[in-house]
Structures are given as C-alpha cells and as structure tokens.
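Heads up, upload-v3.txt below (compact mmCIF, C-alpha atoms):
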# COMPACT_ATOMS: atom_id res chain seq x y z
CA MET A 1 145.56 95.80 170.42
CA ASN A 2 146.16 99.46 170.78
CA TYR A 3 149.31 101.54 170.75
CA LYS A 4 150.54 104.93 171.81
CA ILE A 5 153.64 106.76 170.58
CA THR A 6 155.56 109.24 172.70
CA ARG A 7 158.75 111.01 171.72
CA GLN A 8 161.73 112.05 173.76
CA ASN A 9 164.30 113.98 171.73
CA ASP A 10 165.22 111.62 168.89
CA ILE A 11 163.65 108.50 170.43
CA SER A 12 160.12 107.23 169.80
CA VAL A 13 158.55 104.95 172.39
CA VAL A 14 155.77 102.76 171.02
CA THR A 15 153.68 101.35 173.85
CA PHE A 16 151.55 98.34 172.91
CA LEU A 17 148.44 97.57 174.96
CA GLY A 18 146.22 94.50 174.86
CA GLY A 19 146.56 91.26 172.94
CA ILE A 20 148.13 91.34 169.49
CA GLU A 21 146.04 89.31 167.07
CA ARG A 22 146.39 88.39 163.41
CA GLY A 23 143.61 90.85 162.59
CA ASP A 24 145.77 93.73 163.85
CA LYS A 25 147.82 93.87 160.63
CA ASP A 26 146.38 97.23 159.52
CA LEU A 27 146.93 98.75 162.97
CA ILE A 28 150.55 97.51 163.03
CA LEU A 29 151.05 99.00 159.55
CA LYS A 30 149.62 102.33 160.73
CA CYS A 31 151.93 102.18 163.74
CA CYS A 32 154.87 101.69 161.38
CA GLU A 33 153.81 104.67 159.28
CA ASP A 34 153.42 106.81 162.42
CA VAL A 35 156.91 105.83 163.63
CA LEU A 36 158.54 106.48 160.27
CA SER A 37 156.83 109.85 159.83
CA HIS A 38 159.18 111.38 162.42
CA ASN A 39 162.91 111.83 162.22
CA VAL A 40 164.17 109.66 165.08
CA ARG A 41 167.32 107.65 165.53
CA SER A 42 165.91 105.01 167.91
CA VAL A 43 162.59 103.30 168.57
CA VAL A 44 161.67 101.51 171.78
CA LEU A 45 158.94 98.90 171.34
CA PHE A 46 157.34 98.62 174.79
CA PHE A 47 155.04 95.60 175.16
CA LYS A 48 153.57 97.07 178.33
CA GLU A 49 150.20 95.43 178.80
CA VAL A 50 150.42 92.76 176.11
CA ASP A 51 149.06 89.53 177.54
CA SER A 52 148.93 87.51 174.32
CA ILE A 53 150.36 87.48 170.82
CA ASP A 54 148.79 85.35 168.12
CA ALA A 55 151.47 83.38 166.27
CA LEU A 56 149.95 84.63 163.01
CA ALA A 57 150.69 88.23 164.06
CA LEU A 58 154.43 87.54 164.37
CA ARG A 59 154.99 88.25 160.67
CA ASP A 60 153.46 91.70 161.08
CA LEU A 61 155.65 92.47 164.10
CA THR A 62 158.70 91.29 162.16
CA LEU A 63 157.76 93.52 159.22
CA LEU A 64 157.33 96.47 161.58
CA GLN A 65 160.89 95.97 162.80
CA HIS A 66 162.17 95.40 159.25
CA HIS A 67 160.72 98.69 157.98
CA ILE A 68 162.17 100.57 160.95
CA ARG A 69 165.64 99.04 160.42
CA GLN A 70 165.50 99.88 156.68
CA LYS A 71 165.55 103.55 157.73
CA ASN A 72 168.68 102.90 159.85
CA ILE A 73 166.68 103.39 163.04
CA ARG A 74 167.84 101.35 166.02
CA ILE A 75 165.33 99.23 167.93
CA ARG A 76 165.11 98.36 171.62
CA LEU A 77 162.40 96.13 173.10
CA THR A 78 160.95 95.89 176.57
CA VAL A 79 158.50 93.17 177.52
CA ILE A 80 156.80 93.18 180.93
CA ASN A 81 155.06 89.79 180.72
CA ASN A 82 157.66 87.01 181.11
CA ASN A 83 155.59 84.56 179.05
CA ILE A 84 155.42 87.04 176.16
CA ARG A 85 159.13 87.75 176.54
CA SER A 86 159.94 84.03 176.29
CA PHE A 87 157.59 83.62 173.33
CA LEU A 88 159.21 86.48 171.38
CA ILE A 89 162.71 85.14 172.07
CA GLU A 90 161.70 81.59 171.14
CA LYS A 91 160.16 82.75 167.86
CA GLY A 92 163.20 84.87 166.96
CA ILE A 93 161.37 88.20 167.05
CA VAL A 94 163.95 89.68 169.41
CA ARG A 95 167.47 90.21 168.11
CA ASN A 96 170.45 89.61 170.35
CA GLY A 97 171.22 92.73 172.36
CA GLU A 98 167.94 94.54 171.66
CA LEU A 99 165.98 93.35 174.70
CA ASN A 100 165.95 95.41 177.90
CA ASN A 101 164.45 94.59 181.29
CA SER A 102 162.67 97.90 181.82
CA ILE A 103 161.45 100.89 179.87
CA SER A 104 163.97 103.18 181.56
CA GLU A 105 166.81 100.79 180.67
CA ALA A 106 165.60 100.66 177.05
CA ILE A 107 165.42 104.45 176.78
CA MET A 108 168.90 104.83 178.26
CA ALA A 109 170.27 102.21 175.83
CA ALA A 110 168.50 103.93 172.92
CA SER A 111 169.94 107.30 173.87
CA ARG A 112 173.47 105.86 173.84
CA VAL A 113 173.16 104.79 170.22
CA SER A 114 175.58 106.68 168.05
Could I get this structure in the form of structure tokens?
Amino acid sequence: MNYKITRQNDISVVTFLGGIERGDKDLILKCCEDVLSHNVRSVVLFFKEVDSIDALALRDLTLLQHHIRQKNIRIRLTVINNNIRSFLIEKGIVRNGELNNSISEAIMAASRVS
C-alpha cells in the first residue's frame, strides 16, 4: 500500500494505492498523523487503485477513521473497485451517507459540510 495526500482549501484527499495488508499498520498510522497535522474540516478517503484489503487490516482502517472523527473532521469515501466497495460496506467500514460514487462527488459533498 501507498498513499498520497493532497489538499484543497480545508479538505484533505487521501488517495490509497495498491493492496492494503495487515502489515500496513505503521503506514496507516503515519497517514493518520499526516492528515491530523493539518487544519482541515473534511477528509476524503479515495481508494483509487486498491485491489485488495486484508481482513486483518480493517481494524487499522477503522482506527484511522476513528482518530479523524475524534477531531470533528468529516469523512467521505470513494471506492473505484466494486468488489472493494462491497467488502467495506459488508464489514461495516463505511458509515451510512459517507460513500460517494466518484472523487468529484466526494469533494463536492465534503465542501458542503458546515
């Protein structure tokens, strides 16, 4: 797994690339620290080129979201791969109303957050 963070005004977009494995815990923690080091009001988690997620890595993804929410930062998610999308919904990683169909839709939704 790899990630890239871009910022647009008060929105951070975290783009995940590659498979997310249980051994990626430290990288997910670093991602969390990078996100929280900037004053933003929304974060878009963009699972762009993620083709697999190890079930053992779900806890780390959940903790990432938990730490972001603790700072009162809103989260939007976009998943390109339909199998990954279904997996995240099935495992309860995606909260109702946080999932968008495209990155542009997610950014627009994040910018509307009050």
Can you work out which one of A:Ser12, A:Ser104, A:Ser37, A:Thr78 has the shortest atom-to-atom distance to A:Glu49, counting all atoms listed in the file?
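Of A:Ser12, A:Ser104, A:Ser37, A:Thr78, the one nearest A:Glu49 is A:Thr78, counting all atoms listed in the file.
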One decimal, Å: what's the distance from atom CA of A:Asp60 over to atom CA of A:Lys4, could you say?
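Separating atom CA of A:Asp60 from atom CA of A:Lys4 is a distance of 17.3 Å.
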The residue from A:Arg74, A:Ala55, A:Cys32, A:Ser102 with the smallest atom-to-atom distance to A:Glu90, counting only C-alpha atoms, is A:Ala55
Contacts of stretch 16-31 of chain A within 10 Å, only C-alpha atoms, excl. fewer than 3 positions in-chain, as a ChimeraX atom specification
/A:1-5,13,34-37,45-61,63-64,67,79
Stretch 71-84 of chain A, all listed atoms, 4 Å padding on each side: what axis-aligned box centre and edge lengths in Å to one decimal come out, as lines of an AutoDock Vina configuration file?
center_x = 161.9
center_y = 94.1
center_z = 169.4
size_x = 21.6
size_y = 27.0
size_z = 31.4
Would you kindly place N, CA and C atoms on stretch 61-95 of chain A and return the model as a CSV table (one decimal), in the frame of the given file?
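Everything below was put into selection.csv:
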chain,number,residue,atom,x,y,z
A,61,LEU,N,154.7,91.9,163.2
A,61,LEU,CA,155.6,92.5,164.1
A,61,LEU,C,157.1,92.5,163.5
A,62,THR,N,157.4,91.4,162.8
A,62,THR,CA,158.7,91.3,162.2
A,62,THR,C,158.8,92.3,161.1
A,63,LEU,N,157.7,92.5,160.3
A,63,LEU,CA,157.8,93.5,159.2
A,63,LEU,C,157.9,94.9,159.8
A,64,LEU,N,157.2,95.2,160.9
A,64,LEU,CA,157.3,96.5,161.6
A,64,LEU,C,158.8,96.8,161.9
A,65,GLN,N,159.5,95.8,162.5
A,65,GLN,CA,160.9,96.0,162.8
A,65,GLN,C,161.7,96.1,161.5
A,66,HIS,N,161.4,95.3,160.5
A,66,HIS,CA,162.2,95.4,159.2
A,66,HIS,C,162.1,96.8,158.6
A,67,HIS,N,160.9,97.4,158.6
A,67,HIS,CA,160.7,98.7,158.0
A,67,HIS,C,161.5,99.8,158.8
A,68,ILE,N,161.5,99.6,160.1
A,68,ILE,CA,162.2,100.6,161.0
A,68,ILE,C,163.7,100.5,160.7
A,69,ARG,N,164.2,99.2,160.6
A,69,ARG,CA,165.6,99.0,160.4
A,69,ARG,C,166.1,99.5,159.0
A,70,GLN,N,165.2,99.4,158.0
A,70,GLN,CA,165.5,99.9,156.7
A,70,GLN,C,165.8,101.4,156.7
A,71,LYS,N,165.3,102.1,157.6
A,71,LYS,CA,165.6,103.6,157.7
A,71,LYS,C,166.7,103.8,158.6
A,72,ASN,N,167.5,102.8,159.0
A,72,ASN,CA,168.7,102.9,159.8
A,72,ASN,C,168.3,103.4,161.2
A,73,ILE,N,167.1,103.0,161.7
A,73,ILE,CA,166.7,103.4,163.0
A,73,ILE,C,166.9,102.2,163.9
A,74,ARG,N,167.5,102.4,165.1
A,74,ARG,CA,167.8,101.4,166.0
A,74,ARG,C,166.6,101.0,166.8
A,75,ILE,N,166.5,99.7,167.2
A,75,ILE,CA,165.3,99.2,167.9
A,75,ILE,C,165.8,98.7,169.3
A,76,ARG,N,165.0,99.0,170.3
A,76,ARG,CA,165.1,98.4,171.6
A,76,ARG,C,163.7,97.8,172.0
A,77,LEU,N,163.7,96.7,172.7
A,77,LEU,CA,162.4,96.1,173.1
A,77,LEU,C,162.4,96.0,174.6
A,78,THR,N,161.2,96.2,175.2
A,78,THR,CA,161.0,95.9,176.6
A,78,THR,C,159.6,95.1,176.7
A,79,VAL,N,159.7,94.0,177.4
A,79,VAL,CA,158.5,93.2,177.5
A,79,VAL,C,158.3,92.9,179.0
A,80,ILE,N,157.1,93.3,179.5
A,80,ILE,CA,156.8,93.2,180.9
A,80,ILE,C,156.4,91.7,181.3
A,81,ASN,N,155.6,91.1,180.5
A,81,ASN,CA,155.1,89.8,180.7
A,81,ASN,C,156.1,88.8,180.4
A,82,ASN,N,156.6,88.0,181.3
A,82,ASN,CA,157.7,87.0,181.1
A,82,ASN,C,157.3,85.9,180.1
A,83,ASN,N,156.0,85.5,180.0
A,83,ASN,CA,155.6,84.6,179.0
A,83,ASN,C,155.7,85.1,177.6
A,84,ILE,N,155.3,86.4,177.5
A,84,ILE,CA,155.4,87.0,176.2
A,84,ILE,C,156.9,87.2,175.8
A,85,ARG,N,157.7,87.6,176.8
A,85,ARG,CA,159.1,87.8,176.5
A,85,ARG,C,159.7,86.4,176.0
A,86,SER,N,159.4,85.4,176.7
A,86,SER,CA,159.9,84.0,176.3
A,86,SER,C,159.5,83.7,174.9
A,87,PHE,N,158.2,83.9,174.6
A,87,PHE,CA,157.6,83.6,173.3
A,87,PHE,C,158.3,84.4,172.2
A,88,LEU,N,158.6,85.7,172.4
A,88,LEU,CA,159.2,86.5,171.4
A,88,LEU,C,160.7,86.0,171.1
A,89,ILE,N,161.3,85.6,172.2
A,89,ILE,CA,162.7,85.1,172.1
A,89,ILE,C,162.7,83.8,171.3
A,90,GLU,N,161.8,82.9,171.8
A,90,GLU,CA,161.7,81.6,171.1
A,90,GLU,C,161.4,81.7,169.6
A,91,LYS,N,160.6,82.6,169.3
A,91,LYS,CA,160.2,82.8,167.9
A,91,LYS,C,161.1,83.6,167.0
A,92,GLY,N,162.2,84.1,167.7
A,92,GLY,CA,163.2,84.9,167.0
A,92,GLY,C,162.8,86.3,166.6
A,93,ILE,N,161.8,86.8,167.3
A,93,ILE,CA,161.4,88.2,167.0
A,93,ILE,C,162.3,89.2,167.7
A,94,VAL,N,163.0,88.8,168.7
A,94,VAL,CA,164.0,89.7,169.4
A,94,VAL,C,165.4,89.4,168.9
A,95,ARG,N,166.1,90.4,168.5
A,95,ARG,CA,167.5,90.2,168.1
A,95,ARG,C,168.4,90.3,169.3
